[in-house]
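Data file: input_11.txt. Format and content: compact mmCIF, C-alpha atoms.
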# COMPACT_ATOMS: atom_id res chain seq x y z
CA MET C 1 0.74 18.47 6.65
CA SER C 2 3.52 15.98 6.16
CA ARG C 3 1.40 13.99 3.68
CA ILE C 4 1.25 16.74 1.05
CA LEU C 5 4.77 17.98 1.75
CA GLY C 6 6.09 14.44 1.40
CA LEU C 7 4.30 14.03 -1.91
CA GLY C 8 5.64 17.28 -3.29
CA ALA C 9 8.47 15.53 -5.12
CA VAL C 10 6.06 13.15 -6.81
CA LEU C 11 3.68 15.91 -7.87
CA VAL C 12 6.51 18.07 -9.20
CA LEU C 13 7.90 15.08 -11.05
CA GLY C 14 4.55 14.40 -12.65
CA LEU C 15 4.28 18.00 -13.76
CA ALA C 16 7.80 18.00 -15.16
CA LEU C 17 7.28 14.80 -17.10
CA SER C 18 4.09 16.09 -18.68
CA ALA C 19 5.72 19.47 -19.44
CA CYS C 20 2.87 21.40 -17.93
CA ASN C 21 3.38 25.15 -17.96
CA GLN C 22 0.03 26.01 -16.44
CA THR C 23 -0.17 28.53 -13.63
CA SER C 24 -2.81 28.87 -10.95
CA ALA C 25 -5.48 31.51 -11.40
CA GLY C 26 -6.06 31.57 -7.67
CA SER C 27 -3.26 33.84 -6.48
CA ALA C 28 -5.77 36.31 -5.07
CA ALA C 29 -7.44 33.51 -3.15
CA GLY C 30 -4.03 32.50 -1.85
CA GLU C 31 -3.43 36.00 -0.51
CA ILE C 32 -6.81 35.98 1.22
CA ALA C 33 -6.00 32.56 2.68
CA SER C 34 -2.73 33.78 4.14
CA ALA C 35 -4.47 36.64 5.89
CA LEU C 36 -7.32 34.53 7.25
CA ASP C 37 -5.43 31.40 8.22
CA PRO C 38 -2.17 31.84 10.14
CA THR C 39 -1.99 28.05 10.70
CA GLY C 40 -1.18 27.45 7.06
CA LEU C 41 -3.76 24.70 6.62
CA SER C 42 -5.62 26.65 3.95
CA GLY C 43 -2.40 27.14 2.03
CA LEU C 44 -1.89 23.40 2.18
CA ALA C 45 -5.29 22.76 0.62
CA LYS C 46 -4.75 25.46 -2.02
CA ASP C 47 -1.32 24.09 -2.97
CA ALA C 48 -2.78 20.61 -3.24
CA ALA C 49 -5.61 21.87 -5.40
CA ASP C 50 -3.24 23.81 -7.67
CA ALA C 51 -1.05 20.73 -8.09
CA ALA C 52 -4.03 18.51 -8.82
CA GLN C 53 -5.45 20.99 -11.34
CA ALA C 54 -2.12 21.44 -13.10
CA SER C 55 -1.45 17.72 -13.33
CA SER C 56 -4.93 16.89 -14.59
CA GLY C 57 -5.36 19.94 -16.79
CA SER C 58 -8.96 20.30 -15.66
CA ALA C 59 -10.90 22.65 -13.44
CA GLY C 60 -12.04 19.81 -11.16
CA VAL C 61 -9.89 18.78 -8.22
CA ASP C 62 -9.40 15.05 -7.76
CA PHE C 63 -7.60 14.12 -4.55
CA SER C 64 -7.91 10.35 -5.08
CA SER C 65 -4.28 9.91 -6.18
CA MET C 66 -2.77 12.06 -3.45
CA ALA C 67 -4.85 11.61 -0.28
CA PRO C 68 -6.74 8.78 1.46
CA ARG C 69 -10.54 8.78 1.67
CA LEU C 70 -11.92 9.21 5.17
CA ALA C 71 -14.45 6.48 4.37
CA ASP C 72 -11.61 4.03 3.63
CA ILE C 73 -9.83 4.89 6.88
CA ALA C 74 -13.11 4.48 8.77
CA ALA C 75 -13.45 1.02 7.20
CA GLY C 76 -9.99 0.04 8.46
CA ASN C 77 -7.84 0.78 5.41
CA THR C 78 -5.12 3.16 6.60
CA SER C 79 -2.60 2.48 3.82
CA GLY C 80 -3.56 5.41 1.58
CA PRO C 81 -3.36 5.65 -2.23
CA ASN C 82 -0.56 4.52 -4.50
CA TYR C 83 1.37 7.77 -4.78
CA MET C 84 3.63 6.43 -7.55
CA ALA C 85 0.75 5.57 -9.92
CA PRO C 86 0.61 9.04 -11.59
CA VAL C 87 4.38 8.98 -12.12
CA ASP C 88 4.28 5.48 -13.60
CA ARG C 89 1.47 6.47 -15.96
CA GLN C 90 3.37 9.52 -17.18
CA ILE C 91 6.59 7.55 -17.69
CA ALA C 92 4.72 4.88 -19.65
CA LEU C 93 3.08 7.55 -21.81
CA THR C 94 6.40 9.27 -22.49
CA MET C 95 8.09 6.01 -23.51
CA ALA C 96 5.12 5.02 -25.68
CA ARG C 97 5.37 8.32 -27.52
CA GLN C 98 9.10 7.81 -28.08
CA SER C 99 8.52 4.30 -29.41
CA ALA C 100 5.79 5.54 -31.74
CA SER C 101 8.10 8.28 -33.00
CA MET C 102 10.82 5.75 -33.80
CA ALA C 103 8.31 3.47 -35.52
CA ARG C 104 7.23 6.37 -37.75
CA SER C 105 10.86 7.15 -38.55
CA ALA C 106 11.48 3.53 -39.51
CA GLY C 107 8.40 3.57 -41.74
CA TYR C 108 9.51 6.73 -43.50
CA ALA C 109 12.99 5.25 -43.95
CA ALA C 110 11.53 2.14 -45.60
CA ILE C 111 9.47 4.29 -47.98
CA ASP C 112 12.51 6.41 -48.87
CA ALA C 113 14.59 3.30 -49.48
CA ALA C 114 11.94 1.86 -51.79
CA MET C 115 11.66 5.10 -53.74
CA THR C 116 15.42 5.62 -54.10
CA GLY C 117 16.39 2.03 -54.72
CA GLY C 118 18.20 1.81 -51.41
CA MET C 119 20.26 4.97 -51.86
CA SER C 120 18.94 6.50 -48.63
CA LEU C 121 19.56 3.46 -46.43
CA ALA C 122 22.94 4.64 -45.13
CA GLY C 123 21.65 7.97 -43.89
CA SER C 124 18.43 6.47 -42.56
CA GLY C 125 20.31 3.74 -40.73
CA TYR C 126 22.50 6.28 -38.93
CA SER C 127 19.49 8.40 -38.01
CA LEU C 128 17.57 5.40 -36.67
CA ALA C 129 20.60 4.22 -34.70
CA MET C 130 20.94 7.65 -33.07
CA GLN C 131 17.22 7.73 -32.29
CA GLY C 132 17.43 4.26 -30.75
CA ALA C 133 20.38 5.33 -28.61
CA GLY C 134 18.41 8.37 -27.49
CA ASN C 135 15.44 6.19 -26.55
CA ALA C 136 17.70 3.89 -24.54
CA MET C 137 19.19 6.88 -22.74
CA LEU C 138 15.72 8.27 -22.00
CA ALA C 139 14.59 4.90 -20.64
CA ALA C 140 17.61 4.80 -18.31
CA GLN C 141 16.94 8.35 -17.14
CA MET C 142 13.26 7.56 -16.51
CA ALA C 143 14.21 4.48 -14.51
CA SER C 144 16.61 6.54 -12.39
CA VAL C 145 14.03 9.26 -11.81
CA ARG C 146 11.40 6.72 -10.82
CA ALA C 147 13.76 5.00 -8.39
CA GLN C 148 14.54 8.32 -6.72
CA ALA C 149 10.87 9.30 -6.56
CA SER C 150 9.96 5.93 -5.06
CA ALA C 151 12.66 6.30 -2.43
CA ASP C 152 11.44 9.82 -1.60
CA VAL C 153 7.86 8.61 -1.21
CA ALA C 154 8.94 5.71 1.02
CA LYS C 155 10.97 8.10 3.18
CA ALA C 156 8.09 10.57 3.46
CA GLU C 157 5.64 7.82 4.39
CA ALA C 158 8.00 6.51 7.07
CA GLN C 159 8.43 10.00 8.51
CA GLU C 160 4.66 10.50 8.50
CA LYS C 161 4.09 7.22 10.33
CA ALA C 162 6.61 8.17 12.98
CA ALA C 163 5.11 11.63 13.52
CA GLN C 164 1.37 11.00 13.15
CA LEU C 165 -0.77 12.14 16.05
CA VAL C 166 -3.10 9.12 16.07
CA PRO C 167 -1.67 5.58 15.63
CA ASP C 168 -3.01 3.50 12.75
CA ALA C 169 -4.87 1.19 15.13
CA ASP C 170 -6.99 4.12 16.33
CA ARG C 171 -7.44 5.99 13.07
CA PRO C 172 -10.57 4.08 11.95
CA SER C 173 -12.37 5.01 15.18
CA GLU C 174 -11.34 8.63 14.79
CA ALA C 175 -12.34 8.72 11.10
CA GLN C 176 -15.79 7.35 11.96
CA ALA C 177 -16.21 10.17 14.49
CA VAL C 178 -15.07 12.76 11.93
CA LEU C 179 -17.53 11.52 9.32
CA SER C 180 -20.35 11.77 11.85
CA ILE C 181 -19.83 15.53 12.28
CA ILE C 182 -18.09 16.76 9.14
CA ASP C 183 -21.26 18.05 7.50
CA GLY C 184 -22.31 19.90 10.65
CA SER C 185 -21.69 23.44 11.85
CA SER C 186 -18.57 24.73 13.57
CA GLY C 187 -18.25 23.70 17.18
CA LYS C 188 -19.88 20.33 16.66
CA SER C 189 -17.86 17.52 18.22
CA ALA C 190 -17.84 13.76 18.63
CA SER C 191 -15.96 11.48 21.00
CA TRP C 192 -14.63 8.05 20.18
CA GLN C 193 -13.13 5.06 21.96
CA ASN C 194 -11.21 2.03 20.76
CA PRO C 195 -11.66 -0.91 23.17
CA ALA C 196 -8.97 -2.85 21.36
CA THR C 197 -6.24 -0.34 22.28
CA GLY C 198 -7.80 1.46 25.24
CA ALA C 199 -7.31 4.80 23.49
CA SER C 200 -9.96 7.49 23.18
CA GLY C 201 -10.32 10.86 21.57
CA LYS C 202 -12.44 13.74 20.45
CA VAL C 203 -12.86 15.65 17.19
CA THR C 204 -14.35 19.13 16.85
CA LEU C 205 -15.18 21.18 13.76
CA LYS C 206 -13.40 24.53 13.82
CA ALA C 207 -14.85 27.80 12.60
CA MET C 208 -13.76 28.59 9.06
CA ASP C 209 -14.24 30.91 6.13
CA LYS C 210 -14.50 29.24 2.72
CA ARG C 211 -12.21 31.88 1.29
CA MET C 212 -9.46 30.22 3.32
CA PHE C 213 -9.51 27.24 0.99
CA GLY C 214 -9.66 28.92 -2.41
CA GLY C 215 -13.29 27.89 -2.92
CA LEU C 216 -12.68 24.24 -2.07
CA ASP C 217 -15.13 22.44 0.21
CA CYS C 218 -12.84 21.85 3.18
CA ARG C 219 -13.13 21.44 6.94
CA SER C 220 -10.57 22.08 9.65
CA ILE C 221 -10.97 19.71 12.57
CA GLN C 222 -9.41 19.84 16.02
CA ARG C 223 -8.23 16.44 17.23
CA GLU C 224 -7.54 14.96 20.64
CA TRP C 225 -6.03 11.55 21.30
CA LYS C 226 -5.56 10.03 24.73
CA SER C 227 -3.96 6.79 25.83
CA GLY C 228 -3.26 6.31 29.51
CA ALA C 229 -1.59 9.46 30.79
CA THR C 230 -0.63 10.61 27.27
CA LEU C 231 -2.71 13.34 25.66
CA ARG C 232 -1.97 14.72 22.21
CA ARG C 233 -3.73 17.49 20.30
CA GLY C 234 -3.55 18.63 16.71
CA ASP C 235 -5.51 19.69 13.64
CA MET C 236 -6.82 17.78 10.65
CA LEU C 237 -7.72 19.14 7.22
CA ALA C 238 -10.31 17.30 5.11
CA CYS C 239 -11.57 18.35 1.68
CA ARG C 240 -14.43 17.02 -0.42
CA SER C 241 -14.06 15.98 -4.06
CA LYS C 242 -16.79 14.34 -6.12
CA GLY C 243 -18.82 13.69 -3.00
CA GLU C 244 -15.99 12.02 -1.08
CA TRP C 245 -14.05 13.43 1.89
CA TYR C 246 -10.26 13.13 1.69
CA LEU C 247 -7.77 13.54 4.51
CA LEU C 248 -5.09 16.07 3.53
CA SER C 249 -3.28 16.34 6.86
Could you spell out this file's structure in structure tokens?
Amino acid sequence: MSRILGLGAVLVLGLALSACNQTSAGSAAGEIASALDPTGLSGLAKDAADAAQASSGSAGVDFSSMAPRLADIAAGNTSGPNYMAPVDRQIALTMARQSASMARSAGYAAIDAAMTGGMSLAGSGYSLAMQGAGNAMLAAQMASVRAQASADVAKAEAQEKAAQLVPDADRPSEAQAVLSIIDGSSGKSASWQNPATGASGKVTLKAMDKRMFGGLDCRSIQREWKSGATLRRGDMLACRSKGEWYLLS
């Protein structure tokens, strides 16, 4: 769960920058989820879906900017997506709009000056100067916000690395096992081994009710990881978007 919780600041920032005032229509589904899933995993998926829907403004949920694909992990890429990309896009869009607004103001000022023989230049010059100062202040604020968001993401990723149940070296083997059973029925399991590290594990699909996930196509998976005398257990949540499975916890 640390992945989504750690990205909360970035998602909220993206929503704030785009001035989205949308609200989720799935509150009833959320109440059902709370009753059916005391572990909280369904709430995690629902919150992620609500955030994705609000930030994209569409009914479809796209987890590609907030969660790694299981197929990528299985192929050996455990780095995950660029969580700052949505923030950078929104900042760039905001600054572009401000620049366009100032360009329009300058154009109008030139037209006024031509029509009045230069009489309006004094007032227009002051207005443009104030607008330029405001743009500079906004740029500084955006830079500060981005720096803080980047630091928060780096901190969350470091915390996740330190607390993750399966080390990165073993995650591809585990992801391959998950993909081999994820479309099966509850109770189906698969074991895996990593000769390179000597670790082994097992993944098992847990029983679920689709109402738990607000209509999303998700799977809850029990995990086991063993290395020497150390045995760790935990749960994984994976959801499908546009035909791809994404790891949400």
Residues within 10 Å of range 175-179 of chain C, all atoms listed in the file, excluding chain neighbours under 6 positions, as an mmCIF file with C-alpha atoms, in the coordinates of the input:
data_model
loop_
_atom_site.group_PDB
_atom_site.id
_atom_site.type_symbol
_atom_site.label_atom_id
_atom_site.label_comp_id
_atom_site.auth_asym_id
_atom_site.auth_seq_id
_atom_site.Cartn_x
_atom_site.Cartn_y
_atom_site.Cartn_z
ATOM 1 C CA ARG C 69 -10.540 8.780 1.670
ATOM 2 C CA LEU C 70 -11.920 9.210 5.170
ATOM 3 C CA ALA C 71 -14.450 6.480 4.370
ATOM 4 C CA ASP C 72 -11.610 4.030 3.630
ATOM 5 C CA ILE C 73 -9.830 4.890 6.880
ATOM 6 C CA ALA C 74 -13.110 4.480 8.770
ATOM 7 C CA ALA C 75 -13.450 1.020 7.200
ATOM 8 C CA GLY C 76 -9.990 0.040 8.460
ATOM 9 C CA SER C 189 -17.860 17.520 18.220
ATOM 10 C CA ALA C 190 -17.840 13.760 18.630
ATOM 11 C CA SER C 191 -15.960 11.480 21.000
ATOM 12 C CA TRP C 192 -14.630 8.050 20.180
ATOM 13 C CA GLN C 193 -13.130 5.060 21.960
ATOM 14 C CA GLY C 201 -10.320 10.860 21.570
ATOM 15 C CA LYS C 202 -12.440 13.740 20.450
ATOM 16 C CA VAL C 203 -12.860 15.650 17.190
ATOM 17 C CA THR C 204 -14.350 19.130 16.850
ATOM 18 C CA LEU C 205 -15.180 21.180 13.760
ATOM 19 C CA ILE C 221 -10.970 19.710 12.570
ATOM 20 C CA GLN C 222 -9.410 19.840 16.020
ATOM 21 C CA ARG C 223 -8.230 16.440 17.230
ATOM 22 C CA MET C 236 -6.820 17.780 10.650
ATOM 23 C CA ALA C 238 -10.310 17.300 5.110
ATOM 24 C CA TRP C 245 -14.050 13.430 1.890
ATOM 25 C CA LEU C 247 -7.770 13.540 4.510
#
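If you measure from each of C:Ala67, C:Leu216, C:Ala207, C:Ile91 to Met142 in chain C using all atoms listed in the file, the closest one turns out to be C:Ile91.
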(request) Take CA of Gly187 in chain C and CA of Tyr246 in chain C and report the distance between them in Å, one decimal. (result)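 Separating CA of Gly187 in chain C from CA of Tyr246 in chain C is a distance of 20.4 Å.
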(message) Taking only C-alpha atoms into account, name the residue in C:Asn77, C:Ser241, C:Glu160, C:Gly134 that is nearest to Ser101 in chain C.
(response) C:Gly134
(request) Counting all atoms listed in the file, figure out which residue out of C:Pro68, C:Gly243, C:Pro86, C:Gly234 gets nearest to Ala163 in chain C. (result)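 Checking each of C:Pro68, C:Gly243, C:Pro86, C:Gly234 against Ala163 in chain C, counting all atoms listed in the file, the winner is C:Gly234.
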(request) State, in Å with one decimal place, the distance from CA of Met137 in chain C to CA of Gln98 in chain C. (result)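 About the pair CA of Met137 in chain C and CA of Gln98 in chain C: they are 11.5 Å apart.
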(request) Measuring atom to atom with all atoms listed in the file, identify which of C:Gly132, C:Gly80, C:Gly184, C:Pro172 is nearest to Lys206 in chain C. (result) C:Gly184
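Of the listed residues (C:Ala162, C:Leu248, C:Ala133, C:Val153), C:Leu248 comes nearest to Met66 in chain C; the distances count all atoms listed in the file.
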(request) Please indicate the distance in Å from CA of Ala229 in chain C to CA of Leu165 in chain C, rounded to one decimal place. (result)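 A separation of 15.0 Å between them.
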(request) Select, from C:Asp168, C:Asp217, C:Glu224, C:Asp152, the residue with the minimum atom-to-atom distance to Leu237 in chain C, counting only C-alpha atoms. (result) C:Asp217
(message) When you look at Ala199 in chain C with a cut-off of 10 Å (counting all atoms listed in the file), what residues show up, excluding the ones that are within fewer than 3 positions of it in the same chain? I need them as number ranges by chain.
(response) C: 166-167, 169-170, 173, 192-196, 225-228, 230-231
